[in-house]
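*Asks:* Below is the file run18.cif, with mmCIF, C-alpha atoms.
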```cif
data_my_file
loop_
_atom_site.label_atom_id
_atom_site.label_comp_id
_atom_site.auth_asym_id
_atom_site.auth_seq_id
_atom_site.Cartn_x
_atom_site.Cartn_y
_atom_site.Cartn_z
CA MET A 20 9.38 -17.13 2.17
CA SER A 21 8.29 -14.01 0.31
CA ARG A 22 9.74 -10.60 1.07
CA ILE A 23 6.42 -9.56 2.64
CA ASP A 24 6.19 -12.64 4.86
CA ALA A 25 9.84 -12.32 5.88
CA LEU A 26 9.33 -8.66 6.77
CA PHE A 27 6.36 -9.23 9.05
CA SER A 28 8.02 -12.26 10.66
CA ASP A 29 11.12 -10.21 11.45
CA LEU A 30 9.12 -7.27 12.80
CA GLN A 31 7.00 -9.54 15.00
CA GLN A 32 10.10 -11.12 16.49
CA ARG A 33 11.44 -7.65 17.30
CA GLY A 34 8.16 -6.31 18.65
CA ARG A 35 7.87 -3.66 15.96
CA LYS A 36 5.14 -2.62 13.55
CA ALA A 37 5.42 -2.02 9.81
CA LEU A 38 5.31 1.48 8.37
CA ILE A 39 3.86 1.36 4.87
CA PRO A 40 3.93 4.65 2.93
CA PHE A 41 2.06 5.20 -0.31
CA ILE A 42 3.14 7.44 -3.18
CA THR A 43 1.89 7.63 -6.74
CA ALA A 44 4.38 6.52 -9.39
CA GLY A 45 5.31 9.39 -11.67
CA ASP A 46 4.36 12.13 -9.20
CA PRO A 47 5.58 14.83 -9.41
CA HIS A 48 7.79 13.59 -12.26
CA PRO A 49 8.66 10.07 -13.49
CA GLY A 50 12.36 10.71 -13.06
CA GLN A 51 11.93 11.28 -9.33
CA THR A 52 9.93 8.23 -8.31
CA VAL A 53 12.81 5.83 -7.69
CA SER A 54 14.74 8.36 -5.62
CA LEU A 55 11.60 9.02 -3.57
CA MET A 56 11.19 5.30 -2.95
CA HIS A 57 14.74 5.18 -1.60
CA ALA A 58 14.01 8.25 0.55
CA LEU A 59 11.02 6.47 2.08
CA VAL A 60 13.20 3.50 3.01
CA ALA A 61 15.90 5.78 4.41
CA GLY A 62 13.27 7.39 6.63
CA GLY A 63 12.19 4.07 8.08
CA ALA A 64 9.59 2.62 5.71
CA ASN A 65 9.33 -1.16 5.78
CA LEU A 66 7.21 -1.72 2.69
CA ILE A 67 6.21 0.63 -0.13
CA GLU A 68 2.78 0.85 -1.71
CA LEU A 69 3.32 2.35 -5.15
CA GLY A 70 0.22 3.78 -6.78
CA VAL A 71 -0.47 3.09 -10.44
CA PRO A 72 -1.86 6.33 -11.95
CA PHE A 73 -5.46 6.02 -13.09
CA SER A 74 -7.90 8.46 -14.64
CA ASP A 75 -10.82 7.61 -12.35
CA PRO A 76 -9.45 6.72 -8.89
CA MET A 77 -12.81 6.28 -7.19
CA ALA A 78 -11.48 5.31 -3.75
CA ASP A 79 -9.05 8.20 -3.56
CA GLY A 80 -9.65 11.68 -2.23
CA PRO A 81 -8.63 14.90 -4.00
CA VAL A 82 -4.97 14.78 -2.90
CA ILE A 83 -4.21 11.42 -4.51
CA GLN A 84 -6.50 12.23 -7.43
CA ARG A 85 -4.26 15.20 -8.20
CA ALA A 86 -1.19 12.99 -7.92
CA SER A 87 -2.63 10.64 -10.55
CA GLU A 88 -3.41 13.60 -12.78
CA ARG A 89 0.16 14.89 -12.52
CA ALA A 90 1.57 11.46 -13.35
CA LEU A 91 -0.80 10.91 -16.26
CA LYS A 92 0.22 14.26 -17.76
CA HIS A 93 3.71 12.75 -18.03
CA GLY A 94 2.28 9.68 -19.76
CA VAL A 95 2.99 7.29 -16.88
CA GLY A 96 1.24 3.97 -17.31
CA LEU A 97 1.52 0.51 -15.83
CA GLY A 98 4.50 -0.44 -18.00
CA GLN A 99 6.49 2.55 -16.81
CA VAL A 100 5.56 1.77 -13.20
CA LEU A 101 7.00 -1.72 -13.58
CA ASP A 102 10.16 -0.19 -15.04
CA MET A 103 10.44 2.02 -11.96
CA VAL A 104 10.22 -0.99 -9.66
CA ALA A 105 12.91 -2.76 -11.69
CA GLU A 106 15.15 0.31 -11.34
CA PHE A 107 14.52 0.42 -7.58
CA ARG A 108 15.46 -3.25 -7.31
CA LYS A 109 18.93 -2.57 -8.72
CA THR A 110 19.94 -1.11 -5.36
CA ASP A 111 17.26 -2.43 -2.97
CA SER A 112 16.57 -6.14 -3.06
CA GLN A 113 14.90 -6.33 0.35
CA THR A 114 12.10 -3.77 0.70
CA PRO A 115 8.76 -5.23 -0.44
CA VAL A 116 6.87 -3.26 -3.09
CA VAL A 117 3.11 -3.57 -3.52
CA LEU A 118 1.38 -1.95 -6.48
CA MET A 119 -1.93 -0.31 -5.60
CA GLY A 120 -4.48 0.79 -8.14
CA TYR A 121 -7.44 -0.24 -10.23
CA ALA A 122 -8.32 -3.18 -12.42
CA ASN A 123 -8.41 -1.52 -15.84
CA PRO A 124 -4.64 -1.06 -16.44
CA VAL A 125 -3.92 -4.63 -15.33
CA ALA A 126 -6.75 -6.08 -17.41
CA ARG A 127 -5.60 -4.14 -20.47
CA MET A 128 -2.09 -5.53 -20.12
CA GLY A 129 -3.50 -9.01 -19.53
CA TYR A 130 -3.37 -10.79 -16.20
CA GLU A 131 -0.71 -13.32 -17.14
CA VAL A 132 1.43 -10.76 -18.98
CA PHE A 133 1.18 -8.40 -16.02
CA ALA A 134 2.06 -11.11 -13.49
CA ASN A 135 5.09 -12.20 -15.52
CA ARG A 136 6.36 -8.65 -15.96
CA ALA A 137 5.67 -7.76 -12.35
CA LYS A 138 7.61 -10.79 -11.13
CA MET A 139 10.57 -9.89 -13.34
CA ALA A 140 10.48 -6.29 -12.08
CA GLY A 141 10.46 -7.32 -8.44
CA VAL A 142 6.87 -6.59 -7.43
CA ASP A 143 5.75 -8.43 -4.30
CA GLY A 144 2.02 -7.77 -4.18
CA LEU A 145 -0.96 -6.19 -5.92
CA LEU A 146 -3.95 -4.40 -4.44
CA THR A 147 -6.69 -3.64 -6.96
CA VAL A 148 -9.26 -1.49 -5.22
CA ASP A 149 -12.17 -2.32 -7.53
CA VAL A 150 -11.77 -6.09 -7.80
CA PRO A 151 -13.91 -7.79 -5.13
CA PRO A 152 -12.81 -11.25 -3.98
CA GLU A 153 -15.80 -12.89 -5.65
CA GLU A 154 -14.60 -11.65 -9.05
CA SER A 155 -10.86 -12.08 -8.58
CA ASP A 156 -10.24 -15.74 -9.40
CA GLU A 157 -8.70 -15.19 -12.85
CA LEU A 158 -6.39 -12.47 -11.58
CA LEU A 159 -5.64 -14.50 -8.46
CA THR A 160 -4.53 -17.48 -10.53
CA ALA A 161 -2.10 -15.34 -12.54
CA LEU A 162 -0.67 -13.68 -9.43
CA LYS A 163 -0.19 -16.88 -7.47
CA ALA A 164 1.57 -18.51 -10.42
CA GLN A 165 4.25 -15.82 -10.06
CA GLN A 166 4.18 -15.74 -6.23
CA ILE A 167 2.77 -12.21 -6.15
CA ALA A 168 0.59 -11.62 -3.11
CA PRO A 169 -3.02 -10.56 -3.70
CA ILE A 170 -3.79 -7.82 -1.17
CA TYR A 171 -7.41 -7.06 -0.28
CA LEU A 172 -9.25 -4.22 1.41
CA LEU A 173 -11.50 -4.64 4.42
CA ALA A 174 -13.80 -1.87 5.63
CA PRO A 175 -15.85 -1.23 8.78
CA THR A 176 -18.90 -2.22 6.72
CA THR A 177 -17.48 -5.41 5.16
CA PRO A 178 -20.03 -8.22 5.69
CA GLU A 179 -19.09 -11.53 7.25
CA ALA A 180 -19.30 -13.49 3.99
CA ARG A 181 -16.84 -11.18 2.28
CA ILE A 182 -14.44 -11.29 5.23
CA LYS A 183 -14.45 -15.07 4.85
CA ALA A 184 -13.83 -14.80 1.10
CA ILE A 185 -10.94 -12.42 1.66
CA ALA A 186 -9.46 -14.64 4.37
CA GLU A 187 -9.44 -17.54 1.91
CA ARG A 188 -7.76 -15.61 -0.90
CA ALA A 189 -5.49 -12.98 0.64
CA GLN A 190 -1.74 -13.28 1.02
CA GLY A 191 0.90 -10.99 2.50
CA TYR A 192 -1.33 -8.73 4.60
CA VAL A 193 -4.83 -7.30 4.64
CA TYR A 194 -5.53 -3.57 4.36
CA TYR A 195 -8.19 -2.40 6.81
CA VAL A 196 -9.81 0.90 5.84
CA SER A 197 -10.15 2.84 9.07
CA LEU A 198 -13.26 4.81 8.13
CA LYS A 199 -16.07 5.17 5.66
CA GLY A 200 -14.97 7.44 2.84
CA VAL A 201 -12.05 8.10 0.53
CA THR A 202 -8.32 8.39 1.16
CA GLY A 203 -7.34 11.49 3.05
CA ALA A 204 -10.63 11.72 4.92
CA SER A 205 -10.38 12.81 8.54
CA HIS A 206 -12.05 12.02 11.86
CA VAL A 207 -10.62 8.54 12.37
CA ASP A 208 -12.08 6.90 15.48
CA TYR A 209 -9.00 5.05 16.70
CA SER A 210 -10.88 3.43 19.56
CA ALA A 211 -13.29 1.91 17.02
CA VAL A 212 -10.35 0.63 14.98
CA GLY A 213 -8.87 -0.99 18.06
CA ALA A 214 -12.19 -2.54 19.01
CA ARG A 215 -12.55 -4.06 15.56
CA MET A 216 -9.15 -5.79 15.52
CA PRO A 217 -9.89 -8.75 17.83
CA GLU A 218 -12.90 -9.77 15.75
CA LEU A 219 -10.96 -9.49 12.51
CA ARG A 220 -8.07 -11.51 13.90
CA LYS A 221 -10.42 -14.41 14.61
CA ARG A 222 -10.98 -14.67 10.85
CA ILE A 223 -7.87 -13.12 9.26
CA HIS A 224 -4.64 -14.98 9.97
CA LEU A 225 -2.43 -12.51 8.14
CA PRO A 226 -0.94 -9.23 9.36
CA ILE A 227 -3.48 -6.39 9.30
CA GLY A 228 -2.47 -2.92 8.19
CA VAL A 229 -4.66 0.12 8.79
CA GLY A 230 -4.88 3.09 6.46
CA PHE A 231 -7.09 6.03 5.31
CA GLY A 232 -7.08 9.20 7.39
CA ILE A 233 -3.81 8.75 9.30
CA SER A 234 -1.95 12.02 8.94
CA ASP A 235 0.46 12.51 11.84
CA GLY A 236 2.59 10.85 14.47
CA ALA A 237 -0.23 10.66 16.99
CA GLY A 238 -2.44 8.80 14.55
CA ALA A 239 0.38 6.50 13.49
CA ALA A 240 1.14 5.75 17.13
CA ALA A 241 -2.50 4.98 17.92
CA VAL A 242 -2.73 2.53 15.02
CA ALA A 243 0.64 0.93 15.80
CA LYS A 244 -0.69 -0.06 19.23
CA VAL A 245 -3.50 -2.17 17.76
CA ALA A 246 -2.53 -3.20 14.20
CA ASP A 247 0.45 -4.85 12.51
CA ALA A 248 1.09 -2.01 10.07
CA VAL A 249 0.40 1.69 9.63
CA ILE A 250 -0.39 2.75 6.06
CA ILE A 251 -0.07 6.44 5.17
CA GLY A 252 -0.68 7.98 1.76
CA SER A 253 -2.41 11.34 1.44
CA ARG A 254 -0.19 13.06 4.02
CA LEU A 255 2.92 12.02 2.08
CA VAL A 256 1.40 13.02 -1.25
CA LYS A 257 0.62 16.45 0.25
CA GLU A 258 4.29 16.74 1.14
CA ILE A 259 5.21 15.92 -2.45
CA GLU A 260 2.73 18.50 -3.70
CA SER A 261 4.10 21.29 -1.50
CA SER A 262 7.84 20.59 -1.89
CA THR A 263 10.27 21.81 -4.51
CA ALA A 264 12.32 19.43 -6.61
CA ASP A 265 15.37 20.19 -4.47
CA THR A 266 13.68 19.67 -1.10
CA LEU A 267 11.29 16.86 -1.98
CA ALA A 268 13.31 13.75 -1.11
CA GLY A 269 14.62 15.26 2.12
CA ASN A 270 11.19 16.43 3.24
CA LEU A 271 9.67 13.03 2.54
CA GLN A 272 12.44 11.22 4.40
CA ARG A 273 12.07 13.48 7.45
CA LEU A 274 8.31 13.03 7.55
CA VAL A 275 8.60 9.25 7.39
CA ALA A 276 11.27 9.32 10.11
CA GLU A 277 8.91 11.31 12.37
CA LEU A 278 6.13 8.79 11.83
CA ARG A 279 8.52 5.91 12.43
CA ALA A 280 9.74 7.45 15.70
CA ALA A 281 6.17 7.98 16.93
CA MET A 282 5.26 4.38 16.15
CA ASP A 283 8.33 2.97 17.85
CA ALA A 284 7.79 5.09 20.95
CA ALA A 285 4.17 3.91 21.19
CA THR A 286 4.95 0.23 20.85
CA ALA A 287 7.96 0.38 23.20
CA ALA A 288 5.89 1.93 25.98
#
```
Can you turn what I pasted into structure tokens?

*Replies:*
Amino acid sequence: MSRIDALFSDLQQRGRKALIPFITAGDPHPGQTVSLMHALVAGGANLIELGVPFSDPMADGPVIQRASERALKHGVGLGQVLDMVAEFRKTDSQTPVVLMGYANPVARMGYEVFANRAKMAGVDGLLTVDVPPEESDELLTALKAQQIAPIYLLAPTTPEARIKAIAERAQGYVYYVSLKGVTGASHVDYSAVGARMPELRKRIHLPIGVGFGISDGAGAAAVAKVADAVIIGSRLVKEIESSTADTLAGNLQRLVAELRAAMDAATAA
């Protein structure tokens, strides 16, 4: 059983939901990323989505765009991100790590080379925002050969045929985008998210995580009541952006702990 599958199985048995934070590797500085990953876990994160910096992050709002820009100024690329995961694995062998980003860096490295290196580093999954399921077979083959879960996005506008294609290919969990727009957008209609879940569960037999636009404990609690995982990125990246080097890890840990507490209170009620 993979780390991702084991995590969701354990959480389901305990009646809990997964908290999945996102940060961009190399932001604000490459030397801080591993310590920030450990801070996320200490705060109560169950799985980490680690962003691969990219020059044209089309699905991301301005907050995560700036994070990519800061990381790229330090020369952080996919190879360095894999090195960071390997360093994290030296002291954390349990927390799943999913890389999230865009196709170009992976394609440039080569699918098989990437999958081999990712497996050696301890990567558990890959979400490439701009690779639709219909065009993912070559990448999918390389990932599955190394037991790396292909993670896919679903949106409120995803047509039935694509939901079916994703259901056939996805492993680990599926990422449901809570609204139309980019990361960090606001005005999430949590009742609409909840209403969508039963229909998706008829077709998707994996855990479903919900992200985009969740920025506080109330939002995390609302999502935890209807989904298997709460995914939060822009709010955490804002915390990174506004913190000093000395306060960064502590601030991030406290924020994650607040979100974790809100989720647990909502699902225990």

*Asks:* How many Å separate atom CA of A:Asp75 from atom CA of A:Gly228?

*Replies:*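 That distance, rounded to one decimal, is 24.5 Å.
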
*Asks:* For a test of reading the model, state the distance in Å between atom CA of A:Ile259 and atom CA of A:Met56, rounded to one decimal.

*Replies:*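 Those two atoms sit 12.2 Å apart.
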
*Asks:* Check what the PyMOL selection byres ((chain A and resi 230) around 8) selects in the file above and give those residues as a list in words.

*Replies:*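 Matching residues under the PyMOL selection byres ((chain A and resi 230) around 8) are Tyr194, Tyr195, Val196, Ser197, Gly228, Val229, Phe231, Gly232, Ile233, Val249, Ile250, Ile251 and Gly252 of chain A.
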
*Asks:* Restricting it to C-alpha atoms, dump the selection as an mmCIF file, in the frame of the given file.

*Replies:*
```
data_model
loop_
_atom_site.group_PDB
_atom_site.id
_atom_site.type_symbol
_atom_site.label_atom_id
_atom_site.label_comp_id
_atom_site.auth_asym_id
_atom_site.auth_seq_id
_atom_site.Cartn_x
_atom_site.Cartn_y
_atom_site.Cartn_z
ATOM 1 C CA TYR A 194 -5.530 -3.570 4.360
ATOM 2 C CA TYR A 195 -8.190 -2.400 6.810
ATOM 3 C CA VAL A 196 -9.810 0.900 5.840
ATOM 4 C CA SER A 197 -10.150 2.840 9.070
ATOM 5 C CA GLY A 228 -2.470 -2.920 8.190
ATOM 6 C CA VAL A 229 -4.660 0.120 8.790
ATOM 7 C CA PHE A 231 -7.090 6.030 5.310
ATOM 8 C CA GLY A 232 -7.080 9.200 7.390
ATOM 9 C CA ILE A 233 -3.810 8.750 9.300
ATOM 10 C CA VAL A 249 0.400 1.690 9.630
ATOM 11 C CA ILE A 250 -0.390 2.750 6.060
ATOM 12 C CA ILE A 251 -0.070 6.440 5.170
ATOM 13 C CA GLY A 252 -0.680 7.980 1.760
#
```

*Asks:* Hey, what comes out of the PyMOL selection byres ((chain A and resi 205-222) around 12) on this file? Could you write it as number ranges by chain?

*Replies:* A: 80, 173-187, 189, 192-204, 223-235, 237-247, 253-254

*Asks:* Go ahead and write the selection's residues with C-alpha atoms as a tab-separated table (two decimals), in the coordinates of the input.

*Replies:*
```tsv
chain	number	residue	atom	x	y	z
A	80	GLY	CA	-9.65	11.68	-2.23
A	173	LEU	CA	-11.50	-4.64	4.42
A	174	ALA	CA	-13.80	-1.87	5.63
A	175	PRO	CA	-15.85	-1.23	8.78
A	176	THR	CA	-18.90	-2.22	6.72
A	177	THR	CA	-17.48	-5.41	5.16
A	178	PRO	CA	-20.03	-8.22	5.69
A	179	GLU	CA	-19.09	-11.53	7.25
A	180	ALA	CA	-19.30	-13.49	3.99
A	181	ARG	CA	-16.84	-11.18	2.28
A	182	ILE	CA	-14.44	-11.29	5.23
A	183	LYS	CA	-14.45	-15.07	4.85
A	184	ALA	CA	-13.83	-14.80	1.10
A	185	ILE	CA	-10.94	-12.42	1.66
A	186	ALA	CA	-9.46	-14.64	4.37
A	187	GLU	CA	-9.44	-17.54	1.91
A	189	ALA	CA	-5.49	-12.98	0.64
A	192	TYR	CA	-1.33	-8.73	4.60
A	193	VAL	CA	-4.83	-7.30	4.64
A	194	TYR	CA	-5.53	-3.57	4.36
A	195	TYR	CA	-8.19	-2.40	6.81
A	196	VAL	CA	-9.81	0.90	5.84
A	197	SER	CA	-10.15	2.84	9.07
A	198	LEU	CA	-13.26	4.81	8.13
A	199	LYS	CA	-16.07	5.17	5.66
A	200	GLY	CA	-14.97	7.44	2.84
A	201	VAL	CA	-12.05	8.10	0.53
A	202	THR	CA	-8.32	8.39	1.16
A	203	GLY	CA	-7.34	11.49	3.05
A	204	ALA	CA	-10.63	11.72	4.92
A	223	ILE	CA	-7.87	-13.12	9.26
A	224	HIS	CA	-4.64	-14.98	9.97
A	225	LEU	CA	-2.43	-12.51	8.14
A	226	PRO	CA	-0.94	-9.23	9.36
A	227	ILE	CA	-3.48	-6.39	9.30
A	228	GLY	CA	-2.47	-2.92	8.19
A	229	VAL	CA	-4.66	0.12	8.79
A	230	GLY	CA	-4.88	3.09	6.46
A	231	PHE	CA	-7.09	6.03	5.31
A	232	GLY	CA	-7.08	9.20	7.39
A	233	ILE	CA	-3.81	8.75	9.30
A	234	SER	CA	-1.95	12.02	8.94
A	235	ASP	CA	0.46	12.51	11.84
A	237	ALA	CA	-0.23	10.66	16.99
A	238	GLY	CA	-2.44	8.80	14.55
A	239	ALA	CA	0.38	6.50	13.49
A	240	ALA	CA	1.14	5.75	17.13
A	241	ALA	CA	-2.50	4.98	17.92
A	242	VAL	CA	-2.73	2.53	15.02
A	243	ALA	CA	0.64	0.93	15.80
A	244	LYS	CA	-0.69	-0.06	19.23
A	245	VAL	CA	-3.50	-2.17	17.76
A	246	ALA	CA	-2.53	-3.20	14.20
A	247	ASP	CA	0.45	-4.85	12.51
A	253	SER	CA	-2.41	11.34	1.44
A	254	ARG	CA	-0.19	13.06	4.02
```

*Asks:* What does the distance from atom CA of A:Val275 to atom CA of A:Ala248 come to in Å, to one decimal?

*Replies:*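 According to the coordinates, atom CA of A:Val275 and atom CA of A:Ala248 are separated by 13.8 Å.
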